[in-house]
file run_10.cif (mmCIF, C-alpha atoms)
data_run
#
loop_
_atom_site.label_atom_id
_atom_site.label_comp_id
_atom_site.auth_asym_id
_atom_site.auth_seq_id
_atom_site.Cartn_x
_atom_site.Cartn_y
_atom_site.Cartn_z
CA MET G 157 -44.19 78.11 0.75
CA MET G 158 -47.98 78.24 0.81
CA ARG G 159 -50.65 75.72 1.70
CA ILE G 160 -52.90 75.67 -1.37
CA MET G 161 -56.24 73.95 -1.87
CA ILE G 162 -57.51 73.39 -5.40
CA MET G 163 -61.21 72.61 -5.87
CA ALA G 164 -61.94 70.70 -9.07
CA MET G 165 -65.38 69.25 -9.81
CA GLY G 166 -66.79 67.42 -12.81
CA SER G 167 -65.70 64.60 -15.11
CA ARG G 168 -62.11 63.41 -15.48
CA GLY G 169 -61.48 65.92 -18.26
CA ASP G 170 -62.57 68.72 -15.91
CA VAL G 171 -60.37 67.51 -13.04
CA GLN G 172 -57.17 66.44 -14.81
CA PRO G 173 -55.82 69.95 -15.70
CA TYR G 174 -56.07 70.92 -12.02
CA VAL G 175 -54.06 67.84 -11.03
CA ALA G 176 -51.39 69.08 -13.48
CA LEU G 177 -51.52 72.57 -11.96
CA GLY G 178 -51.31 71.10 -8.45
CA LYS G 179 -48.32 68.98 -9.44
CA GLY G 180 -46.55 72.10 -10.74
CA LEU G 181 -47.30 74.05 -7.56
CA LYS G 182 -46.03 71.15 -5.45
CA THR G 183 -42.80 70.94 -7.49
CA ALA G 184 -42.35 74.67 -6.81
CA GLY G 185 -42.36 73.90 -3.07
CA HIS G 186 -45.96 74.48 -2.05
CA SER G 187 -48.14 72.09 -0.09
CA VAL G 188 -51.09 71.18 -2.33
CA ARG G 189 -54.44 69.61 -1.42
CA LEU G 190 -56.89 68.67 -4.16
CA ALA G 191 -60.56 68.58 -3.15
CA THR G 192 -62.56 66.64 -5.71
CA HIS G 193 -65.05 63.78 -6.15
CA GLU G 194 -64.45 60.46 -4.40
CA ASN G 195 -63.84 58.54 -7.63
CA PHE G 196 -60.68 60.53 -8.44
CA GLU G 197 -58.70 59.38 -5.40
CA SER G 198 -56.33 57.12 -7.36
CA LEU G 199 -55.77 59.82 -10.02
CA VAL G 200 -54.79 62.42 -7.42
CA ASN G 201 -52.71 59.98 -5.37
CA SER G 202 -50.78 58.77 -8.42
CA TYR G 203 -49.28 62.27 -8.68
CA GLU G 204 -48.54 62.39 -4.94
CA LEU G 205 -50.91 65.26 -4.17
CA GLU G 206 -52.97 65.30 -1.00
CA PHE G 207 -56.48 64.10 -1.82
CA TYR G 208 -59.56 65.38 -0.02
CA PRO G 209 -62.82 63.65 -1.05
CA LEU G 210 -65.96 65.64 -1.76
CA LYS G 211 -69.05 63.45 -1.81
CA GLY G 212 -70.25 62.22 -5.17
CA ASN G 213 -69.20 60.15 -8.15
CA VAL G 214 -69.60 61.76 -11.56
CA GLN G 215 -69.10 58.42 -13.32
CA ALA G 216 -72.08 56.90 -11.50
CA PHE G 217 -74.18 60.01 -12.23
CA LEU G 218 -73.42 59.89 -15.96
CA GLU G 219 -74.16 56.16 -16.14
CA ASP G 220 -77.69 56.60 -14.76
CA PRO G 221 -80.03 55.58 -17.64
CA ALA G 222 -82.11 58.78 -17.46
CA ASN G 223 -78.93 60.87 -17.54
CA ARG G 224 -77.58 58.88 -20.51
CA GLN G 225 -80.74 59.67 -22.44
CA LEU G 226 -80.41 63.38 -21.59
CA LEU G 227 -76.76 63.51 -22.63
CA GLU G 228 -77.57 61.98 -26.01
CA SER G 229 -80.28 64.60 -26.54
CA GLY G 230 -77.65 67.34 -26.23
CA ASN G 231 -80.21 69.61 -24.48
CA PHE G 232 -77.94 71.62 -22.17
CA LEU G 233 -80.77 73.38 -20.33
CA ALA G 234 -82.42 70.04 -19.45
CA ILE G 235 -79.03 68.55 -18.51
CA ASN G 236 -78.24 71.59 -16.38
CA ALA G 237 -81.65 71.38 -14.63
CA ARG G 238 -81.02 67.73 -13.74
CA THR G 239 -77.45 68.32 -12.55
CA ALA G 240 -78.72 71.33 -10.56
CA LYS G 241 -81.05 69.02 -8.63
CA ALA G 242 -78.21 66.60 -7.96
CA SER G 243 -75.83 69.39 -6.91
CA GLN G 244 -78.54 70.84 -4.66
CA ARG G 245 -78.45 67.60 -2.69
CA ALA G 246 -74.64 67.61 -2.75
CA ALA G 247 -74.14 71.31 -1.94
CA ILE G 248 -74.42 70.83 1.82
CA ASP G 249 -72.08 67.81 1.71
CA TRP G 250 -69.57 69.78 -0.37
CA ALA G 251 -69.76 72.78 1.94
CA GLU G 252 -69.18 70.59 5.00
CA GLY G 253 -66.25 68.85 3.30
CA GLY G 254 -64.87 72.08 1.84
CA LEU G 255 -65.01 73.84 5.20
CA VAL G 256 -62.90 71.11 6.81
CA ALA G 257 -60.54 70.84 3.81
CA ALA G 258 -59.90 74.59 3.63
CA GLN G 259 -58.90 74.99 7.30
CA GLY G 260 -55.36 76.35 7.59
CA MET G 261 -55.01 77.03 3.85
CA ASP G 262 -53.22 80.15 2.54
CA LEU G 263 -54.81 80.10 -0.92
CA LEU G 264 -57.87 78.59 -2.63
CA VAL G 265 -57.86 77.86 -6.37
CA ALA G 266 -61.10 77.07 -8.20
CA GLY G 267 -62.47 76.71 -11.71
CA VAL G 268 -66.12 76.93 -12.75
CA GLY G 269 -67.01 73.67 -10.93
CA GLY G 270 -65.78 74.90 -7.55
CA LEU G 271 -66.37 78.62 -8.02
CA PHE G 272 -69.49 79.27 -5.95
CA LEU G 273 -68.31 77.15 -3.01
CA GLY G 274 -64.88 78.78 -3.36
CA VAL G 275 -66.34 82.28 -3.01
CA SER G 276 -68.29 81.19 0.09
CA LEU G 277 -65.23 79.56 1.71
CA ALA G 278 -63.08 82.61 0.91
CA GLU G 279 -65.73 84.81 2.55
CA LYS G 280 -66.11 82.54 5.59
CA LEU G 281 -62.42 81.82 6.26
CA LYS G 282 -60.90 85.07 4.88
CA ILE G 283 -58.69 83.13 2.46
CA PRO G 284 -57.60 84.51 -0.95
CA LEU G 285 -59.33 82.87 -3.95
CA LEU G 286 -57.66 82.55 -7.35
CA GLN G 287 -59.86 81.83 -10.39
CA ALA G 288 -58.36 79.25 -12.76
CA TYR G 289 -60.45 78.23 -15.77
CA ILE G 290 -60.08 75.76 -18.64
CA PHE G 291 -62.77 77.22 -20.91
CA PRO G 292 -63.80 80.86 -21.50
CA PHE G 293 -65.95 82.13 -18.64
CA THR G 294 -65.13 85.85 -18.54
CA PRO G 295 -67.55 88.03 -20.57
CA THR G 296 -66.05 89.38 -23.78
CA GLN G 297 -67.14 91.02 -27.00
CA ALA G 298 -64.67 88.91 -28.98
CA PHE G 299 -66.75 85.72 -29.33
CA PRO G 300 -69.98 84.17 -27.96
CA ALA G 301 -70.13 82.11 -24.76
CA VAL G 302 -69.26 78.43 -25.10
CA LEU G 303 -72.90 77.41 -24.62
CA PHE G 304 -74.21 79.37 -27.61
CA PRO G 305 -74.07 78.74 -31.37
CA GLN G 306 -70.95 80.56 -32.53
CA SER G 307 -72.97 81.86 -35.49
CA ILE G 308 -74.49 84.55 -33.22
CA ALA G 309 -71.14 86.36 -33.49
CA LYS G 310 -72.57 87.95 -36.67
CA PHE G 311 -74.78 90.13 -34.44
CA GLY G 312 -71.71 91.83 -33.00
CA GLY G 313 -69.80 92.36 -29.76
CA THR G 314 -72.73 93.44 -27.60
CA VAL G 315 -74.61 90.21 -28.28
CA ASN G 316 -71.40 88.22 -27.69
CA ARG G 317 -70.90 89.84 -24.30
CA LEU G 318 -74.56 89.35 -23.36
CA SER G 319 -74.31 85.62 -24.17
CA HIS G 320 -71.54 85.25 -21.55
CA HIS G 321 -73.72 86.91 -18.90
CA VAL G 322 -76.60 84.59 -19.81
CA PHE G 323 -74.27 81.56 -19.59
CA ARG G 324 -73.04 82.68 -16.16
CA GLN G 325 -76.64 83.05 -14.99
CA ILE G 326 -77.57 79.57 -16.26
CA MET G 327 -74.68 78.17 -14.18
CA TRP G 328 -75.56 80.26 -11.13
CA GLN G 329 -79.35 79.88 -11.11
CA GLY G 330 -78.92 76.11 -11.33
CA ALA G 331 -76.70 76.24 -8.23
CA ARG G 332 -78.43 79.06 -6.33
CA THR G 333 -80.79 77.00 -4.12
CA GLY G 334 -78.07 74.57 -3.06
CA ASP G 335 -75.61 77.41 -2.52
CA GLY G 336 -78.15 79.22 -0.31
CA LEU G 337 -78.74 76.10 1.81
CA ALA G 338 -74.99 75.52 2.20
CA ARG G 339 -74.30 79.14 3.17
CA GLN G 340 -77.17 79.15 5.66
CA GLN G 341 -76.90 75.68 7.23
CA VAL G 342 -73.15 75.01 7.08
CA LEU G 343 -71.24 78.27 6.66
CA GLU G 344 -73.59 80.56 8.61
CA LEU G 345 -73.40 83.23 5.92
CA PRO G 346 -76.20 85.32 4.41
CA ALA G 347 -77.53 84.20 1.02
CA ALA G 348 -75.60 85.37 -2.03
CA PRO G 349 -77.20 88.05 -4.22
CA PHE G 350 -79.97 86.85 -6.56
CA TRP G 351 -77.73 87.33 -9.61
CA GLY G 352 -74.81 85.57 -7.95
CA ASN G 353 -71.48 86.51 -6.41
CA TYR G 354 -69.80 87.45 -9.69
CA HIS G 355 -69.04 90.95 -8.38
CA SER G 356 -67.72 89.70 -5.04
CA VAL G 357 -64.53 91.36 -3.85
CA HIS G 358 -63.09 87.83 -3.62
CA LEU G 359 -63.32 87.54 -7.43
CA GLN G 360 -61.96 91.02 -8.20
CA ARG G 361 -58.77 91.04 -6.16
CA TYR G 362 -56.45 88.75 -8.13
CA PRO G 363 -55.67 87.93 -11.76
CA ILE G 364 -57.63 85.22 -13.58
CA LEU G 365 -55.67 82.27 -14.95
CA TYR G 366 -56.74 80.45 -18.10
CA GLY G 367 -55.22 77.04 -18.86
CA LEU G 368 -55.67 77.70 -22.59
CA SER G 369 -53.24 78.25 -25.44
CA PRO G 370 -53.23 81.74 -26.97
CA SER G 371 -52.57 79.94 -30.28
CA VAL G 372 -56.04 78.35 -30.00
CA ILE G 373 -57.95 81.30 -28.53
CA ALA G 374 -56.29 84.70 -28.78
CA LYS G 375 -56.68 86.67 -25.54
CA PRO G 376 -59.57 89.13 -26.02
CA SER G 377 -58.56 92.78 -25.71
CA ASP G 378 -61.33 93.35 -23.12
CA TRP G 379 -59.99 90.69 -20.71
CA GLN G 380 -58.21 92.75 -18.08
CA ASN G 381 -55.84 91.27 -15.48
CA THR G 382 -56.12 87.88 -17.17
CA HIS G 383 -53.39 85.43 -18.18
CA MET G 384 -53.62 82.87 -21.01
CA THR G 385 -50.90 80.60 -19.68
CA GLY G 386 -51.04 77.73 -22.17
CA TYR G 387 -52.71 74.39 -21.44
CA TRP G 388 -52.22 72.54 -18.14
CA PHE G 389 -51.21 69.13 -19.43
CA LEU G 390 -50.96 66.09 -17.19
CA ASP G 391 -48.53 63.57 -18.61
CA GLU G 392 -48.70 59.89 -17.74
CA PRO G 393 -47.36 58.93 -14.28
CA PRO G 394 -43.64 57.98 -14.31
CA ASN G 395 -44.39 54.37 -13.36
CA TRP G 396 -46.99 53.89 -16.15
CA SER G 397 -46.28 51.60 -19.09
CA PRO G 398 -48.53 50.76 -22.06
CA PRO G 399 -50.03 47.27 -22.52
CA LEU G 400 -47.82 45.06 -24.69
CA ALA G 401 -50.75 44.14 -26.95
CA LEU G 402 -51.31 47.84 -27.72
CA LEU G 403 -47.61 48.36 -28.52
CA GLU G 404 -47.73 45.37 -30.89
CA PHE G 405 -50.85 46.71 -32.61
CA LEU G 406 -49.22 50.13 -33.13
CA GLN G 407 -46.03 48.55 -34.51
CA ASN G 408 -47.81 46.19 -36.90
CA GLY G 409 -49.25 48.68 -39.36
CA SER G 410 -49.89 52.30 -40.28
CA PRO G 411 -50.80 54.82 -37.53
CA PRO G 412 -54.47 54.24 -36.61
CA VAL G 413 -57.34 56.67 -36.03
CA PHE G 414 -58.32 57.10 -32.36
CA ILE G 415 -62.07 57.08 -31.63
CA GLY G 416 -63.39 57.67 -28.11
CA PHE G 417 -66.02 59.74 -26.36
CA GLY G 418 -64.42 60.11 -22.92
CA SER G 419 -66.91 60.26 -20.08
CA MET G 420 -69.84 60.75 -22.49
CA VAL G 421 -72.04 57.69 -22.28
CA SER G 422 -74.42 55.99 -24.66
CA ARG G 423 -77.79 54.39 -23.96
CA ASN G 424 -76.79 51.66 -26.37
CA PRO G 425 -73.02 51.08 -26.41
CA GLU G 426 -73.35 48.12 -28.81
CA GLU G 427 -75.17 50.30 -31.35
CA THR G 428 -72.52 53.02 -31.05
CA ALA G 429 -69.77 50.43 -31.49
CA ASP G 430 -71.50 49.03 -34.60
CA LEU G 431 -71.78 52.50 -36.12
CA VAL G 432 -68.10 53.21 -35.46
CA LEU G 433 -66.97 49.79 -36.78
CA GLN G 434 -69.04 50.26 -39.95
CA ALA G 435 -67.40 53.67 -40.49
CA ILE G 436 -63.92 52.22 -40.02
CA ALA G 437 -64.66 49.38 -42.45
CA LEU G 438 -65.80 51.93 -45.05
CA THR G 439 -62.54 53.88 -44.72
CA GLY G 440 -60.15 50.91 -44.72
CA GLN G 441 -58.23 52.56 -41.87
CA ARG G 442 -56.86 50.95 -38.74
CA ALA G 443 -58.39 52.25 -35.50
CA ILE G 444 -58.10 52.32 -31.73
CA LEU G 445 -61.43 52.48 -29.91
CA GLN G 446 -61.66 53.72 -26.34
CA SER G 447 -64.33 51.90 -24.40
CA GLY G 448 -64.53 54.72 -21.82
CA TRP G 449 -67.05 54.27 -19.03
CA ARG G 450 -69.88 52.89 -21.13
CA GLY G 451 -69.38 54.63 -24.45
CA LEU G 452 -68.26 51.73 -26.65
CA GLY G 453 -68.28 47.99 -26.11
CA LYS G 454 -67.64 45.22 -28.62
CA ARG G 455 -65.90 41.91 -28.15
CA ASP G 456 -65.64 40.65 -31.75
CA LEU G 457 -63.31 43.14 -33.39
CA PRO G 458 -61.51 42.84 -36.74
CA ASP G 459 -57.69 42.67 -36.72
CA THR G 460 -57.56 46.30 -37.87
CA VAL G 461 -59.27 47.55 -34.68
CA PHE G 462 -57.90 47.53 -31.14
CA MET G 463 -59.97 48.43 -28.07
CA VAL G 464 -58.44 50.14 -25.04
CA ASP G 465 -60.00 51.09 -21.74
CA SER G 466 -58.12 54.10 -20.41
CA ILE G 467 -54.77 55.08 -21.94
CA PRO G 468 -53.13 58.47 -21.22
CA HIS G 469 -53.76 60.73 -24.20
CA SER G 470 -50.33 62.30 -23.68
CA TRP G 471 -48.77 58.95 -24.64
CA LEU G 472 -51.28 57.67 -27.19
CA PHE G 473 -52.22 60.67 -29.34
CA PRO G 474 -48.71 61.33 -30.77
CA ARG G 475 -48.82 57.72 -32.05
CA VAL G 476 -52.10 57.98 -34.01
CA ALA G 477 -52.99 59.60 -37.34
CA ALA G 478 -56.14 61.50 -36.26
CA VAL G 479 -58.53 61.70 -33.31
CA VAL G 480 -62.32 61.44 -33.18
CA HIS G 481 -63.83 62.47 -29.84
CA HIS G 482 -66.62 64.32 -28.02
CA GLY G 483 -64.84 67.68 -27.87
CA GLY G 484 -64.18 67.92 -24.13
CA ALA G 485 -61.67 70.68 -23.34
CA GLY G 486 -58.97 68.28 -22.08
CA THR G 487 -59.25 65.75 -24.91
CA THR G 488 -59.30 68.59 -27.45
CA ALA G 489 -56.12 70.06 -25.96
CA ALA G 490 -54.35 66.68 -26.04
CA GLY G 491 -55.23 66.20 -29.71
CA LEU G 492 -54.04 69.70 -30.61
CA ARG G 493 -50.72 69.17 -28.81
CA ALA G 494 -50.16 65.91 -30.73
CA GLY G 495 -50.33 67.90 -33.98
CA ILE G 496 -52.92 65.70 -35.69
CA PRO G 497 -56.34 66.51 -37.21
CA THR G 498 -59.42 66.33 -34.99
CA ILE G 499 -63.03 65.31 -35.66
CA VAL G 500 -65.42 66.43 -32.92
CA ILE G 501 -68.72 64.63 -32.25
CA PRO G 502 -70.20 66.94 -29.57
CA PHE G 503 -72.85 65.86 -27.07
CA PHE G 504 -73.51 69.10 -25.12
CA GLY G 505 -72.04 72.00 -23.14
CA ASP G 506 -68.75 73.49 -24.36
CA GLN G 507 -68.12 70.60 -26.78
CA PRO G 508 -69.72 72.26 -29.88
CA PHE G 509 -67.62 75.37 -29.10
CA TRP G 510 -64.36 73.40 -29.34
CA GLY G 511 -65.61 71.61 -32.46
CA HIS G 512 -66.34 74.97 -34.08
CA ARG G 513 -62.92 76.32 -33.05
CA ILE G 514 -61.13 73.32 -34.59
CA ALA G 515 -62.98 73.82 -37.88
CA GLU G 516 -62.19 77.55 -37.77
CA LEU G 517 -58.48 76.83 -37.24
CA GLY G 518 -58.58 74.50 -40.25
CA ILE G 519 -57.19 71.55 -38.30
CA GLY G 520 -60.31 69.37 -38.47
CA THR G 521 -63.74 69.02 -39.99
CA ALA G 522 -66.95 70.79 -38.95
CA PRO G 523 -68.39 69.12 -35.83
CA ILE G 524 -71.12 66.46 -36.24
CA PRO G 525 -73.53 66.43 -33.26
CA ARG G 526 -73.80 62.95 -31.75
CA LYS G 527 -77.50 62.72 -32.55
CA ASP G 528 -76.73 63.33 -36.26
CA LEU G 529 -73.88 60.81 -36.50
CA THR G 530 -74.10 58.00 -39.07
CA ALA G 531 -71.50 55.48 -40.21
CA GLU G 532 -71.40 57.14 -43.67
CA ARG G 533 -70.84 60.63 -42.24
CA LEU G 534 -68.13 59.42 -39.90
CA ALA G 535 -66.38 57.52 -42.71
CA LYS G 536 -66.49 60.60 -44.94
CA VAL G 537 -64.84 62.93 -42.40
CA ILE G 538 -62.21 60.32 -41.45
CA GLN G 539 -61.28 60.01 -45.14
CA GLN G 540 -61.17 63.81 -45.37
CA VAL G 541 -58.74 64.34 -42.47
CA MET G 542 -56.54 61.47 -43.61
CA SER G 543 -56.19 62.79 -47.18
CA ASP G 544 -56.11 66.59 -46.69
CA SER G 545 -52.37 67.34 -46.56
CA ALA G 546 -52.87 71.09 -45.97
CA MET G 547 -55.08 70.36 -42.95
CA ARG G 548 -52.54 67.87 -41.62
CA GLN G 549 -49.76 70.46 -41.99
CA ARG G 550 -51.79 73.13 -40.15
CA ALA G 551 -52.44 70.64 -37.32
CA ALA G 552 -48.71 69.80 -37.12
CA ASP G 553 -47.76 73.51 -37.05
CA LEU G 554 -50.24 74.27 -34.27
CA GLY G 555 -49.05 71.20 -32.35
CA ALA G 556 -45.46 72.50 -32.49
CA LYS G 557 -46.57 75.87 -31.05
CA ILE G 558 -48.49 74.22 -28.20
CA GLN G 559 -45.59 71.86 -27.44
CA ALA G 560 -43.34 74.92 -27.05
CA GLU G 561 -45.63 76.36 -24.36
CA ASP G 562 -45.45 75.34 -20.69
CA GLY G 563 -48.80 76.40 -19.29
CA VAL G 564 -48.25 74.90 -15.85
CA ALA G 565 -44.85 76.61 -15.42
CA HIS G 566 -46.37 79.92 -16.59
CA ALA G 567 -49.29 79.63 -14.13
CA VAL G 568 -46.97 78.65 -11.26
CA ALA G 569 -44.71 81.63 -12.03
CA ILE G 570 -47.71 83.99 -11.75
CA VAL G 571 -48.70 82.48 -8.37
CA GLN G 572 -45.06 82.73 -7.17
CA GLU G 573 -44.89 86.38 -8.21
CA LEU G 574 -48.15 87.20 -6.41
CA GLU G 575 -46.86 85.49 -3.27
CA LYS G 576 -43.52 87.29 -3.51
CA CYS G 577 -45.14 90.74 -3.72
CA GLY G 578 -47.39 89.94 -0.74
CA ALA G 579 -50.67 89.88 -2.69
CA PHE G 580 -52.06 86.94 -0.70
CA LEU G 581 -51.47 88.43 2.73
#

call {"tool": "encode", "arguments": {"input": "run_10.cif", "output": "structure tokens"}}
result
Amino acid sequence: MMRIMIMAMGSRGDVQPYVALGKGLKTAGHSVRLATHENFESLVNSYELEFYPLKGNVQAFLEDPANRQLLESGNFLAINARTAKASQRAAIDWAEGGLVAAQGMDLLVAGVGGLFLGVSLAEKLKIPLLQAYIFPFTPTQAFPAVLFPQSIAKFGGTVNRLSHHVFRQIMWQGARTGDGLARQQVLELPAAPFWGNYHSVHLQRYPILYGLSPSVIAKPSDWQNTHMTGYWFLDEPPNWSPPLALLEFLQNGSPPVFIGFGSMVSRNPEETADLVLQAIALTGQRAILQSGWRGLGKRDLPDTVFMVDSIPHSWLFPRVAAVVHHGGAGTTAAGLRAGIPTIVIPFFGDQPFWGHRIAELGIGTAPIPRKDLTAERLAKVIQQVMSDSAMRQRAADLGAKIQAEDGVAHAVAIVQELEKCGAFL
């Protein structure tokens, strides 16, 4: 039995897979602490994991009007510069919290959001660090980095690999000042190298886990000591039950289309809702709209449209005909597992990457960037995914493959094997 701390930072979609992984590790007999933002306390507690708050609320950050405007622009470099400033202020708080939270731990687990702090804590406290990612972060010649247009793949493997190094530098340089302050003022460590800690012994010692399905992204041949375990799905808590009004809506007609943009926010939720409602009216389909944090809001809805706040995708998606969403890694995975076609409306970051992958797999339409979305375009792609029987069959076949995988069990088995052979000593 090990004491394991998982560091998960970001929006709900970034955090949820790590709650699933933590739940699996706890079921296997380990003591698991999840260090994440304050606003995820109820999420972590509902799965009976130990919660440790790290200062900050991503929801509040995304709802800031200036940040909403940036998100709608889709300009990742500008978004990254703004989040870098915010994380600079938070870096010292996170280091102080992380230092306390990691005391007495046998193993640290971190994804991209907690990576730089994880390396520093591993260095300071001499604790093993396991990398666990939910989107490609290891350089490869097989495909471009998630931040880049996938069309650059035509320039070949060298350019692909270079794009990953550039992506890693964008992430690091945005965090470098805050990381330096935290290492100096809190952890009493020398500053990390200018190009980052990517070659640190703490990142070379153990395998890398990817909570991704090999049916969605085949493992690149140049990824050494890396495991594609399958997705880390978090199903609804055992005591959760759906609202009766939603059950009635689902039972009173054909399966609807789900439309929601997760934690992506809109400067004008009413305008977004009008666009979506116009598109639905043009298609004649029934629909479920997710209001999210501020993404959609409309009180006067037709009988063919039902609005929900937050419903577990694991329960809802198998009951709908297609999904329209922002292309976050977690929402994408849930749609793929349900075996239904996907339409991605990306805002920024890795979202266009997942939209491109869905189109490439033939289980959805080409992504439409949020800034280019119109009611007519949305109606057209909804009609397309509803009527294309070959696409629907491909989505169902892929869903069956993903349902047969158990990514959490696979990841836990790897951790158990490493513990058994004394790797973490």

call {"tool": "atom_distance", "arguments": {"input": "run_10.cif", "atom1": "CA of Leu529 in chain G", "atom2": "CA of Leu431 in chain G"}}
result
8.6 Å

call {"tool": "resolve_selection", "arguments": {"input": "run_10.cif", "expression": "the PyMOL selection byres ((chain G and resi 547) around 9)", "output": "PDB file with C-alpha atoms, keeping the file's coordinate frame"}}
result
ATOM      1  CA  ILE G 496     -52.920  65.700 -35.690  1.00  0.00           C
ATOM      2  CA  PRO G 497     -56.340  66.510 -37.210  1.00  0.00           C
ATOM      3  CA  GLY G 518     -58.580  74.500 -40.250  1.00  0.00           C
ATOM      4  CA  ILE G 519     -57.190  71.550 -38.300  1.00  0.00           C
ATOM      5  CA  GLY G 520     -60.310  69.370 -38.470  1.00  0.00           C
ATOM      6  CA  VAL G 541     -58.740  64.340 -42.470  1.00  0.00           C
ATOM      7  CA  SER G 543     -56.190  62.790 -47.180  1.00  0.00           C
ATOM      8  CA  ASP G 544     -56.110  66.590 -46.690  1.00  0.00           C
ATOM      9  CA  SER G 545     -52.370  67.340 -46.560  1.00  0.00           C
ATOM     10  CA  ALA G 546     -52.870  71.090 -45.970  1.00  0.00           C
ATOM     11  CA  ARG G 548     -52.540  67.870 -41.620  1.00  0.00           C
ATOM     12  CA  GLN G 549     -49.760  70.460 -41.990  1.00  0.00           C
ATOM     13  CA  ARG G 550     -51.790  73.130 -40.150  1.00  0.00           C
ATOM     14  CA  ALA G 551     -52.440  70.640 -37.320  1.00  0.00           C
ATOM     15  CA  ALA G 552     -48.710  69.800 -37.120  1.00  0.00           C
TER      16      ALA G 552
END

call {"tool": "closest_atom_pairs", "arguments": {"input": "run_10.cif", "of": "range 370-428 of chain G", "to": "range 310-334 of chain G", "cutoff": "12 Å", "atoms": "all atoms listed in the file", "output": "Markdown table"}}
result
| residue | atom | partner | partner_atom | distance |
| --- | --- | --- | --- | --- |
| G:Pro376 | CA | G:Gly313 | CA | 11.4 |
| G:Ser377 | CA | G:Gly313 | CA | 12.0 |
| G:Asp378 | CA | G:Arg317 | CA | 10.3 |
| G:Trp379 | CA | G:Arg317 | CA | 11.5 |

call {"tool": "resolve_selection", "arguments": {"input": "run_10.cif", "expression": "the PyMOL selection byres ((chain G and resi 349) around 12)", "output": "PDB file with C-alpha atoms, in the frame of the given file"}}
result
ATOM      1  CA  PHE G 272     -69.490  79.270  -5.950  1.00  0.00           C
ATOM      2  CA  GLN G 325     -76.640  83.050 -14.990  1.00  0.00           C
ATOM      3  CA  TRP G 328     -75.560  80.260 -11.130  1.00  0.00           C
ATOM      4  CA  GLN G 329     -79.350  79.880 -11.110  1.00  0.00           C
ATOM      5  CA  ARG G 332     -78.430  79.060  -6.330  1.00  0.00           C
ATOM      6  CA  THR G 333     -80.790  77.000  -4.120  1.00  0.00           C
ATOM      7  CA  ASP G 335     -75.610  77.410  -2.520  1.00  0.00           C
ATOM      8  CA  GLY G 336     -78.150  79.220  -0.310  1.00  0.00           C
ATOM      9  CA  ARG G 339     -74.300  79.140   3.170  1.00  0.00           C
ATOM     10  CA  LEU G 345     -73.400  83.230   5.920  1.00  0.00           C
ATOM     11  CA  PRO G 346     -76.200  85.320   4.410  1.00  0.00           C
ATOM     12  CA  ALA G 347     -77.530  84.200   1.020  1.00  0.00           C
ATOM     13  CA  ALA G 348     -75.600  85.370  -2.030  1.00  0.00           C
ATOM     14  CA  PHE G 350     -79.970  86.850  -6.560  1.00  0.00           C
ATOM     15  CA  TRP G 351     -77.730  87.330  -9.610  1.00  0.00           C
ATOM     16  CA  GLY G 352     -74.810  85.570  -7.950  1.00  0.00           C
ATOM     17  CA  ASN G 353     -71.480  86.510  -6.410  1.00  0.00           C
ATOM     18  CA  TYR G 354     -69.800  87.450  -9.690  1.00  0.00           C
ATOM     19  CA  HIS G 355     -69.040  90.950  -8.380  1.00  0.00           C
ATOM     20  CA  SER G 356     -67.720  89.700  -5.040  1.00  0.00           C
TER      21      SER G 356
END

call {"tool": "closest_atom_pairs", "arguments": {"input": "run_10.cif", "of": "range 427-508 of chain G", "to": "range 556-560 of chain G", "cutoff": "8 Å", "atoms": "all atoms listed in the file", "output": "Markdown table"}}
result
| residue | atom | partner | partner_atom | distance |
| --- | --- | --- | --- | --- |
| G:Leu492 | CA | G:Ile558 | CA | 7.6 |
| G:Arg493 | CA | G:Ile558 | CA | 5.6 |
| G:Gly495 | CA | G:Ala556 | CA | 6.9 |

call {"tool": "atom_distance", "arguments": {"input": "run_10.cif", "atom1": "CA of Tyr208 in chain G", "atom2": "CA of Ala288 in chain G"}}
result
18.9 Å

call {"tool": "resolve_selection", "arguments": {"input": "run_10.cif", "expression": "the PyMOL selection byres ((chain G and resi 159) around 7)", "output": "CSV table (one decimal) with C-alpha atoms, in the coordinates of the input"}}
result
chain,number,residue,atom,x,y,z
G,157,MET,CA,-44.2,78.1,0.8
G,158,MET,CA,-48.0,78.2,0.8
G,160,ILE,CA,-52.9,75.7,-1.4
G,161,MET,CA,-56.2,74.0,-1.9
G,186,HIS,CA,-46.0,74.5,-2.0
G,187,SER,CA,-48.1,72.1,-0.1
G,188,VAL,CA,-51.1,71.2,-2.3
G,261,MET,CA,-55.0,77.0,3.8
G,262,ASP,CA,-53.2,80.2,2.5
G,263,LEU,CA,-54.8,80.1,-0.9

call {"tool": "atom_distance", "arguments": {"input": "run_10.cif", "atom1": "CA of Gln507 in chain G", "atom2": "CA of Ala485 in chain G"}}
result
7.3 Å

call {"tool": "residues_around", "arguments": {"input": "run_10.cif", "residues": "Ser198 in chain G", "least_positions_apart": "4", "cutoff": "9 Å", "atoms": "only C-alpha atoms", "output": "list in words"}}
result
Ser202, Tyr203 and Phe207 of chain G

call {"tool": "closest_residue", "arguments": {"input": "run_10.cif", "among": "G:Ile308, G:Met163, G:Ala298, G:Ala478", "to": "Ala258 in chain G", "atoms": "only C-alpha atoms"}}
result
G:Met163

call {"tool": "residues_around", "arguments": {"input": "run_10.cif", "residues": "Gln360 in chain G", "least_positions_apart": "3", "cutoff": "10 Å", "atoms": "all atoms listed in the file", "output": "list of chain:residue names"}}
result
G:Leu285, G:Leu286, G:Gln287, G:Tyr354, G:His355, G:Ser356, G:Val357, G:Pro363, G:Ile364, G:Asn381
